[in-house]
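Colleague: My structure file input22.txt, compact mmCIF, C-alpha atoms, is below:
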```
# COMPACT_ATOMS: atom_id res chain seq x y z
CA MET A 683 155.51 101.52 247.84
CA LEU A 684 152.62 103.52 246.38
CA ALA A 685 154.09 103.24 242.89
CA VAL A 686 154.28 99.45 243.22
CA LEU A 687 150.67 99.34 244.38
CA VAL A 688 149.55 101.33 241.31
CA VAL A 689 151.57 99.14 238.95
CA SER A 690 150.05 96.00 240.51
CA LEU A 691 146.52 97.35 240.15
CA VAL A 692 147.12 98.27 236.49
CA LEU A 693 148.52 94.80 235.86
CA LEU A 694 145.52 93.10 237.45
CA SER A 695 142.92 95.27 235.71
CA THR A 696 144.58 94.64 232.32
CA GLN A 697 144.45 90.90 232.90
CA LEU A 698 140.83 91.11 233.97
CA TYR A 699 139.97 92.97 230.74
CA ILE A 700 141.74 90.34 228.63
CA TYR A 701 139.87 87.62 230.56
CA GLU A 702 136.52 89.25 229.82
CA VAL A 703 137.37 89.61 226.11
CA GLY A 704 138.33 85.93 226.07
CA ARG A 705 134.99 85.01 227.58
CA SER A 706 133.13 86.99 224.90
CA LEU A 707 135.10 85.16 222.21
CA GLU A 708 133.93 81.85 223.71
CA GLU A 709 130.36 83.17 223.45
CA ILE A 710 131.01 84.06 219.79
CA GLY A 711 132.13 80.45 219.25
CA SER A 712 128.82 79.16 220.61
CA MET A 713 126.99 81.70 218.42
CA ARG A 714 128.58 80.04 215.38
CA VAL A 715 127.13 76.70 216.50
CA ASN A 716 123.74 78.40 216.93
CA ASP A 717 124.00 79.84 213.42
CA PHE A 718 124.88 76.40 212.05
CA VAL A 719 121.84 74.87 213.76
CA LEU A 720 119.73 77.71 212.35
CA ALA A 721 121.13 76.96 208.88
CA ILE A 722 119.99 73.33 209.24
CA LYS A 723 116.49 74.46 210.29
CA LEU A 724 116.28 76.96 207.43
CA GLY A 725 117.40 74.30 204.97
CA SER A 726 114.72 71.93 206.27
CA LYS A 727 112.07 74.60 205.77
CA HIS A 728 113.28 75.41 202.26
CA ALA A 729 113.35 71.71 201.34
CA VAL A 730 109.74 71.32 202.49
CA THR A 731 108.73 74.52 200.66
CA GLY A 732 110.37 73.46 197.39
CA SER A 733 108.83 70.00 197.64
CA LEU A 734 105.36 71.43 198.20
CA ALA A 735 105.84 73.75 195.21
CA ASN A 736 106.69 70.70 193.14
CA ILE A 737 103.81 68.53 194.42
CA SER A 738 101.17 71.27 194.21
CA ALA A 739 102.12 71.89 190.58
CA GLY A 740 101.45 68.25 189.71
CA GLY A 741 104.67 66.63 190.87
CA ASP A 742 104.82 63.21 192.45
CA GLY A 743 103.99 62.97 196.17
CA SER A 744 107.24 61.13 196.85
CA VAL A 745 109.25 64.30 196.08
CA LEU A 746 108.92 65.49 199.69
CA PHE A 747 110.50 62.35 201.13
CA ALA A 748 113.21 62.29 198.44
CA ASN A 749 114.16 65.95 198.94
CA LEU A 750 114.25 65.66 202.74
CA GLU A 751 116.29 62.49 202.51
CA GLY A 752 118.71 64.31 200.20
CA TRP A 753 118.99 67.22 202.63
CA ALA A 754 119.48 64.95 205.66
CA SER A 755 122.17 62.99 203.84
CA PHE A 756 123.89 66.17 202.65
CA THR A 757 124.06 67.69 206.14
CA GLY A 758 125.20 64.38 207.64
CA GLY A 759 128.57 64.71 205.92
CA PHE A 760 129.08 68.19 207.28
CA TYR A 761 131.46 67.73 210.19
CA GLN A 762 132.21 71.29 211.23
CA PHE A 763 131.25 71.59 214.89
CA GLY A 764 130.50 67.96 215.63
CA LYS A 765 128.79 64.97 214.07
CA PRO A 766 125.43 66.19 212.70
CA VAL A 767 122.52 63.76 212.39
CA LEU A 768 119.22 64.89 210.91
CA ASN A 769 116.24 62.55 211.14
CA PHE A 770 112.75 63.32 209.89
CA THR A 771 109.29 61.81 209.72
CA LEU A 772 106.49 62.93 207.45
CA ARG A 773 103.20 63.77 209.17
CA ASN A 774 100.68 61.01 208.59
CA THR A 775 97.81 62.09 210.77
CA LEU A 776 94.68 63.50 209.13
CA PRO A 777 94.44 65.52 206.99
CA TYR A 778 98.06 64.74 205.99
CA THR A 779 99.14 61.78 203.93
CA ASN A 780 102.88 61.25 203.60
CA GLY A 781 103.41 64.78 204.83
CA THR A 782 101.22 66.56 202.31
CA HIS A 783 97.65 67.81 202.25
CA LEU A 784 96.09 69.27 199.11
CA SER A 785 92.45 70.33 199.33
CA TRP A 786 91.12 72.50 196.55
CA GLY A 787 87.46 72.57 197.39
CA THR A 788 84.33 74.03 195.85
CA ASP A 789 83.39 75.82 199.07
CA GLY A 790 85.67 78.78 198.38
CA PHE A 791 88.58 77.42 200.40
CA GLY A 792 91.73 75.83 199.05
CA VAL A 793 94.82 74.67 200.88
CA SER A 794 98.21 73.24 199.89
CA SER A 795 100.22 72.13 202.88
CA ALA A 796 103.23 70.03 203.87
CA TYR A 797 104.26 68.95 207.36
CA ALA A 798 107.37 67.17 208.61
CA ASP A 799 108.88 66.56 212.05
CA PHE A 800 112.65 66.74 212.43
CA ASN A 801 115.17 65.78 215.04
CA PHE A 802 118.64 67.28 214.73
CA SER A 803 121.58 66.29 216.89
CA LEU A 804 125.10 67.62 216.91
CA SER A 805 127.61 65.96 219.17
CA ASP A 806 131.28 66.37 219.83
CA SER A 807 133.55 66.48 222.84
CA GLN A 808 132.55 70.12 223.41
CA VAL A 809 129.13 70.33 221.78
CA ASP A 810 125.94 68.43 222.50
CA VAL A 811 122.84 69.70 220.72
CA GLN A 812 119.52 67.85 220.57
CA LEU A 813 116.85 69.80 218.73
CA PRO A 814 113.43 68.47 217.76
CA TYR A 815 111.44 70.81 215.53
CA ALA A 816 108.54 70.72 213.09
CA VAL A 817 108.16 72.43 209.73
CA ASN A 818 104.72 73.26 208.42
CA VAL A 819 104.38 75.10 205.11
CA THR A 820 100.82 76.01 204.19
CA THR A 821 99.40 78.19 201.47
CA SER A 822 95.67 78.87 201.73
CA LEU A 823 93.24 80.63 199.45
CA VAL A 824 89.83 82.01 200.33
CA VAL A 825 87.56 82.96 197.42
CA GLU A 826 84.28 84.84 197.66
CA GLY A 827 82.18 86.00 194.72
CA VAL A 828 79.12 88.14 194.15
CA TYR A 829 77.31 88.95 190.94
CA ARG A 830 74.67 91.33 189.68
CA THR A 831 72.59 90.68 186.58
CA LEU A 832 72.98 93.52 184.11
CA GLU A 833 70.97 92.58 181.04
CA GLY A 834 69.65 89.15 180.01
CA SER A 835 72.34 86.67 180.96
CA VAL A 836 75.14 89.24 181.16
CA LYS A 837 76.40 89.58 184.71
CA GLN A 838 78.74 91.84 186.60
CA ILE A 839 80.92 89.51 188.70
CA ASN A 840 83.19 90.54 191.59
CA VAL A 841 85.60 87.96 193.02
CA THR A 842 87.62 88.58 196.19
CA CYS A 843 90.67 86.39 196.82
CA ASN A 844 92.66 86.21 200.05
CA VAL A 845 96.04 84.49 199.99
CA LEU A 846 97.61 83.26 203.22
CA ASN A 847 100.96 81.71 204.11
CA GLU A 848 100.87 79.81 207.41
CA GLY A 849 97.67 81.65 208.28
CA THR A 850 98.98 85.16 207.70
CA PRO A 851 98.24 87.31 204.63
CA ALA A 852 100.72 86.80 201.81
CA LEU A 853 101.26 88.06 198.29
CA ALA A 854 100.51 86.11 195.15
CA GLU A 855 103.00 85.78 192.32
CA ASN A 856 100.29 84.94 189.84
CA LEU A 857 96.52 84.90 190.14
CA THR A 858 94.08 83.68 187.50
CA VAL A 859 90.30 83.78 187.79
CA LEU A 860 88.06 81.56 185.67
CA TYR A 861 84.28 81.50 185.38
CA TYR A 862 81.99 78.76 184.12
CA SER A 863 79.82 79.39 181.05
CA GLY A 864 79.48 76.05 179.30
CA SER A 865 83.19 75.59 179.89
CA TRP A 866 85.79 77.26 182.10
CA LEU A 867 86.82 80.62 180.61
CA ARG A 868 89.47 83.08 181.69
CA ALA A 869 88.11 86.26 183.26
CA ASP A 870 91.07 88.35 182.08
CA GLU A 871 90.01 87.80 178.47
CA GLN A 872 86.95 89.98 179.07
CA THR A 873 87.32 93.63 178.01
CA SER A 874 85.72 94.76 181.27
CA TYR A 875 88.32 92.89 183.37
CA ALA A 876 89.69 94.89 186.31
CA PHE A 877 92.28 93.67 188.81
CA THR A 878 92.87 95.41 192.14
CA ASP A 879 95.81 94.45 194.35
CA TYR A 880 95.39 95.79 197.89
CA GLY A 881 98.99 94.86 198.71
CA ASN A 882 98.03 92.82 201.76
CA GLY A 883 97.18 89.49 200.15
CA THR A 884 93.69 90.62 199.16
CA TYR A 885 92.79 90.87 195.49
CA LEU A 886 89.57 92.04 193.86
CA ILE A 887 88.76 90.90 190.34
CA SER A 888 85.81 92.46 188.53
CA PHE A 889 84.47 91.61 185.09
CA GLU A 890 81.32 91.31 183.05
CA ALA A 891 80.47 88.01 181.38
CA ASP A 892 77.66 86.26 179.63
CA VAL A 893 76.69 83.44 181.99
CA PRO A 894 73.37 81.76 181.06
CA GLU A 895 73.66 79.30 183.97
CA GLU A 896 71.62 79.93 187.06
CA ASN A 897 74.66 79.55 189.34
CA VAL A 898 77.75 81.63 188.67
CA ASN A 899 80.75 79.40 189.40
CA VAL A 900 84.18 80.93 189.65
CA SER A 901 87.59 79.42 190.20
CA ALA A 902 90.78 81.14 191.39
CA GLN A 903 94.23 79.68 190.72
CA VAL A 904 97.15 81.13 192.62
CA TYR A 905 100.90 80.73 192.73
CA ASP A 906 102.29 82.42 195.83
CA LEU A 907 105.76 83.97 196.03
CA ARG A 908 107.17 80.57 197.05
CA GLU A 909 105.74 79.11 193.80
CA ILE A 910 103.26 76.97 195.74
CA TYR A 911 100.06 76.43 193.78
CA VAL A 912 96.60 76.49 195.30
CA GLN A 913 93.15 76.82 193.84
CA ALA A 914 89.61 77.19 195.11
CA ASN A 915 86.19 77.21 193.50
CA ALA A 916 83.18 79.14 194.74
CA VAL A 917 79.57 79.78 193.82
CA CYS A 918 78.86 83.51 193.62
CA THR A 919 75.94 84.94 195.50
CA SER A 920 73.50 87.26 193.84
CA VAL A 921 73.22 90.89 194.90
CA THR A 922 70.73 93.41 193.68
CA MET B 1314 170.93 105.79 269.83
CA LEU B 1315 170.35 103.50 266.90
CA ASN B 1316 168.72 104.83 263.68
CA ASN B 1317 165.87 102.49 262.47
CA LYS B 1318 165.31 104.27 259.13
CA GLY B 1319 167.48 101.84 257.18
CA GLN B 1320 165.58 98.82 258.52
CA MET B 1321 162.24 100.36 257.56
CA ARG B 1322 163.44 100.99 254.01
CA THR B 1323 164.53 97.36 253.73
CA ILE B 1324 161.17 96.06 254.99
CA GLU B 1325 159.34 98.41 252.59
CA ALA B 1326 161.39 97.15 249.66
CA PHE B 1327 160.58 93.53 250.60
CA LEU B 1328 156.90 94.29 250.87
CA SER B 1329 156.93 96.04 247.46
CA ILE B 1330 158.59 93.09 245.80
CA LEU B 1331 156.13 90.72 247.48
CA LEU B 1332 153.15 92.80 246.26
CA LEU B 1333 154.46 93.00 242.72
CA PHE B 1334 155.09 89.26 242.47
CA SER B 1335 151.68 88.50 244.00
CA ALA B 1336 150.04 90.66 241.34
CA LEU B 1337 152.02 88.92 238.61
CA ALA B 1338 151.08 85.47 239.95
CA LEU B 1339 147.38 86.40 240.19
CA ALA B 1340 147.42 87.88 236.68
CA THR B 1341 148.84 84.65 235.29
CA LEU B 1342 146.09 82.65 237.02
CA ILE B 1343 143.26 84.61 235.44
CA SER B 1344 144.70 84.61 231.92
CA PRO B 1345 142.12 83.44 229.37
CA ALA B 1346 142.44 79.99 227.89
CA THR B 1347 141.13 81.05 224.48
CA ASN B 1348 143.13 82.41 221.60
CA LEU B 1349 142.69 86.13 221.35
CA ASP B 1350 142.78 86.52 217.59
CA ASN B 1351 139.77 87.78 215.68
CA ASP B 1352 139.14 84.61 213.67
CA ASN B 1353 136.02 83.74 215.65
CA THR B 1354 134.60 87.21 215.16
CA LEU B 1355 135.19 87.08 211.41
CA ALA B 1356 133.64 83.62 211.17
CA THR B 1357 130.57 84.75 213.10
CA ILE B 1358 130.13 87.80 210.87
CA GLY B 1359 130.36 85.59 207.78
CA MET B 1360 127.98 82.97 209.15
CA GLN B 1361 125.39 85.58 210.12
CA ALA B 1362 125.58 87.25 206.70
CA LEU B 1363 124.78 83.91 205.05
CA VAL B 1364 122.02 83.12 207.56
CA SER B 1365 120.35 86.49 206.97
CA MET B 1366 120.31 85.86 203.21
CA ASP B 1367 119.02 82.34 203.71
CA THR B 1368 116.18 83.28 206.07
CA ASP B 1369 113.72 84.06 203.27
CA GLY B 1370 115.26 81.55 200.84
CA ARG B 1371 116.95 84.28 198.78
CA LEU B 1372 120.38 82.63 199.06
CA GLY B 1373 119.32 79.31 197.50
CA ARG B 1374 117.18 81.07 194.92
CA LEU B 1375 120.06 83.28 193.71
CA ILE B 1376 122.36 80.25 193.47
CA ASN B 1377 119.72 78.27 191.61
CA GLU B 1378 119.32 81.12 189.12
CA GLY B 1379 123.10 81.60 188.85
CA ASN B 1380 122.61 85.24 189.76
CA TRP B 1381 126.17 85.81 191.01
CA THR B 1382 126.16 89.59 190.60
CA ILE B 1383 123.19 90.07 192.90
CA LEU B 1384 124.68 87.58 195.35
CA ALA B 1385 127.92 89.59 195.43
CA ASN B 1386 125.98 92.84 195.84
CA ALA B 1387 124.09 91.36 198.79
CA LEU B 1388 127.36 90.30 200.45
CA ASP B 1389 128.81 93.77 199.81
CA THR B 1390 125.86 95.19 201.73
CA LEU B 1391 125.80 92.67 204.57
CA LEU B 1392 129.52 92.43 205.33
CA PRO B 1393 131.28 95.31 207.10
CA VAL B 1394 133.42 97.66 205.04
CA GLY B 1395 137.06 96.64 205.21
CA LEU B 1396 136.49 92.91 204.90
CA SER B 1397 137.66 91.00 201.88
CA TYR B 1398 135.57 88.00 200.91
CA ASN B 1399 135.51 85.24 198.38
CA LEU B 1400 132.50 82.94 198.07
CA SER B 1401 132.63 79.53 196.39
CA VAL B 1402 129.52 77.45 195.76
CA TYR B 1403 129.61 73.66 195.36
CA ASP B 1404 126.86 71.22 194.46
CA GLU B 1405 126.01 67.92 196.16
CA GLU B 1406 128.91 66.23 194.36
CA LEU B 1407 131.18 69.03 195.61
CA GLN B 1408 131.68 70.31 192.08
CA PRO B 1409 132.07 74.11 191.70
CA VAL B 1410 128.83 75.81 190.68
CA ASN B 1411 129.76 79.47 190.30
CA ASN B 1412 131.51 80.04 187.00
CA VAL B 1413 132.49 83.59 187.93
CA SER B 1414 134.28 84.90 190.98
CA ILE B 1415 132.05 86.10 193.83
CA SER B 1416 134.49 88.39 195.58
CA ASN B 1417 135.14 92.02 196.42
CA GLY B 1418 138.87 91.97 195.81
CA ILE B 1419 142.08 90.24 196.67
CA ILE B 1420 142.14 88.09 199.78
CA PRO B 1421 145.43 88.70 201.60
CA ASP B 1422 147.74 85.75 202.11
CA ARG B 1423 147.54 85.82 205.88
CA ASN B 1424 144.71 85.59 208.41
CA VAL B 1425 142.13 84.13 206.04
CA ILE B 1426 139.29 82.29 207.73
CA SER B 1427 136.79 80.03 206.04
CA VAL B 1428 133.13 79.46 206.86
CA GLN B 1429 131.18 76.54 205.45
CA TYR B 1430 127.43 76.79 205.10
CA PRO B 1431 124.92 74.18 203.90
CA CYS B 1432 122.03 75.51 201.88
CA VAL B 1433 119.07 74.14 199.94
CA SER B 1434 117.11 75.86 197.22
CA PRO B 1435 113.47 76.58 198.12
CA ARG B 1436 112.55 75.87 194.51
CA SER B 1437 110.93 72.65 193.45
CA GLN B 1438 114.16 70.85 192.51
CA GLY B 1439 115.40 70.96 196.13
CA ASN B 1440 119.06 71.25 195.14
CA CYS B 1441 121.58 71.20 198.00
CA TYR B 1442 124.65 73.44 197.98
CA LEU B 1443 127.76 73.83 200.07
CA LEU B 1444 129.00 77.39 200.40
CA ARG B 1445 132.54 78.27 201.43
CA LEU B 1446 132.99 81.89 202.41
CA GLN B 1447 136.57 83.06 202.88
CA LEU B 1448 137.01 86.24 204.88
CA ALA B 1449 139.96 88.41 205.75
CA THR B 1450 140.57 91.88 206.99
CA ALA B 1451 141.48 93.97 203.97
CA ARG B 1452 144.98 95.43 203.89
```
Could you render the structure as structure tokens?

Modeller:
Amino acid sequence: MLAVLVVSLVLLSTQLYIYEVGRSLEEIGSMRVNDFVLAIKLGSKHAVTGSLANISAGGDGSVLFANLEGWASFTGGFYQFGKPVLNFTLRNTLPYTNGTHLSWGTDGFGVSSAYADFNFSLSDSQVDVQLPYAVNVTTSLVVEGVYRTLEGSVKQINVTCNVLNEGTPALAENLTVLYYSGSWLRADEQTSYAFTDYGNGTYLISFEADVPEENVNVSAQVYDLREIYVQANAVCTSVT
Amino acid sequence: MLNNKGQMRTIEAFLSILLLFSALALATLISPATNLDNDNTLATIGMQALVSMDTDGRLGRLINEGNWTILANALDTLLPVGLSYNLSVYDEELQPVNNVSISNGIIPDRNVISVQYPCVSPRSQGNCYLLRLQLATAR
């Protein structure tokens, strides 16, 4: 009798274990759906990023709509977990026009930004996902400059640039500083040019230049690591 | 005087049989409905490897640049040791993009699972790609 009781308990506990393993496999199945949804969101972000890189470098403003339409159409034919439908609208409230906002001002602040709202749905007999989400890709640049007159019209100019992605410090792929002396000239062509990268999105550019003008105007042009272009102009302040 | 030992043994045997069959019936009831193979686990591992490469846009960038060696190295690092993989990349017209094999060896004939992953390049062209990752436990 005791032996039968033990055998029965072993049998039941084994079945319970298999049941629990089966449940975890069901959870893994739903994780795959989550990963697929994440892939759609990542693709949306990359499409917006690539479009902004294109537009900020002089591309046509319609690229954003075209690329997102291409992505939505591409994912629509992707019947893996259910019927996927990706809809999007470009942000058209100020300061955005057709989902983009480029402002490269003379006040030391420049911004290149793109904004789109998405709605993703995935439906099948076993899956029903409705996911609204927004993608905002923004590269900002803050430029500050100071100068000190050395001799005659020769000036020592220090320019500090801060690069930001979505408001947080980010690295630049390429940074060029220009100064105005009758025309816009590259600072890195000066023999005294010094470039300091603080590694946290802050860059200090120092150089000496002959600037007869009363105001020392500088301009910084940046490509961030996502290849998004932004520029900002600033008037340097005099220090003694 | 009658001896009741024989009757007790009989009752005990009946009870034992009843208990055993009850356990068997209960065990059948709580059997899982899902298939217990490891296909789902493999697919999840493959999907998450691709997601982790796509998070910072590296996946689309490497495809755009045709940098298949680095892509294979990244998969070697992300996938567990003992898994065979073969990655195929297709463009929007479903034409093959990779002109070299992105694989770590021979995929066995049996128990091969396939994961499909949509991807877009974060570069200005905005190219869309379909990735098919085949996975199998290495022999």

Colleague: Once you count all atoms listed in the file, which residues of chain A turn out to be within 6 Å of chain B? Could you give them as a list in words?

Modeller: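 Result: Met683, Ser690, Leu694, Gln697, Tyr701, Gly704, Arg714, Gly725, His728, Ala729, Thr731, Gly732, Ser733, Ala735, Asn736 and Asn749 of chain A.
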
Colleague: May I ask which of the residues B:Ala1362, B:Ile1383, B:Leu1448, B:Met1321 is the closest one to Gly1395 of chain B, counting only C-alpha atoms?

Modeller: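 Using only C-alpha atoms, Gly1395 of chain B sits closest to B:Leu1448.
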
Colleague: Interatomic distance between atom CA of Gly740 of chain A and atom CA of Leu768 of chain A?

Modeller: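 Here the two named atoms are 27.9 Å from each other.
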
Colleague: Counting only C-alpha atoms, what is within 7 Å of segment 796-812 of chain A, bar same-chain residues fewer than 5 positions away, as a ChimeraX atom specification?

Modeller: /A:730,734,764-773,781-783,817-820

Colleague: Within 12 Å of Thr850 of chain A, counting all atoms listed in the file, which residues show up once you throw out same-chain ones fewer than 4 positions away? Write them as a list in words, please.

Modeller: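 The filter keeps Val819, Thr820, Thr821, Ser822, Leu823, Asn844, Val845, Leu846, Asn882, Gly883 and Thr884 of chain A.
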
Colleague: Could you please determine the separation between atom CA of Tyr905 of chain A and atom CA of Ile737 of chain A in Å, to one decimal place?

Modeller: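 Taking atom CA of Tyr905 of chain A and atom CA of Ile737 of chain A, their separation equals 12.7 Å.
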
Colleague: To one decimal place in Å, what is the distance between atom CA of Asn774 of chain A and atom CA of Gly752 of chain A?

Modeller: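 Going from atom CA of Asn774 of chain A over to atom CA of Gly752 of chain A covers 20.2 Å.
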
Colleague: Quick one: residues within 10 Å of Asn1386 of chain B, only C-alpha atoms, excluding same-chain residues fewer than 3 positions away - as a list in words?

Modeller: Trp1381, Thr1382, Ile1383, Asp1389, Thr1390, Leu1391, Ile1415, Ser1416 and Asn1417 of chain B

Colleague: Between A:Ala748, A:Val825, A:Ala816, A:Val859, which one has atoms that come closest to Gly792 of chain A, using all atoms listed in the file?

Modeller: A:Val825

Colleague: Considering all atoms listed in the file, can you say which of A:Asn847, A:Asn915, A:Tyr778, A:Trp753 comes closest to Leu724 of chain A?

Modeller: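 For Leu724 of chain A, the nearest of the candidates is A:Trp753.
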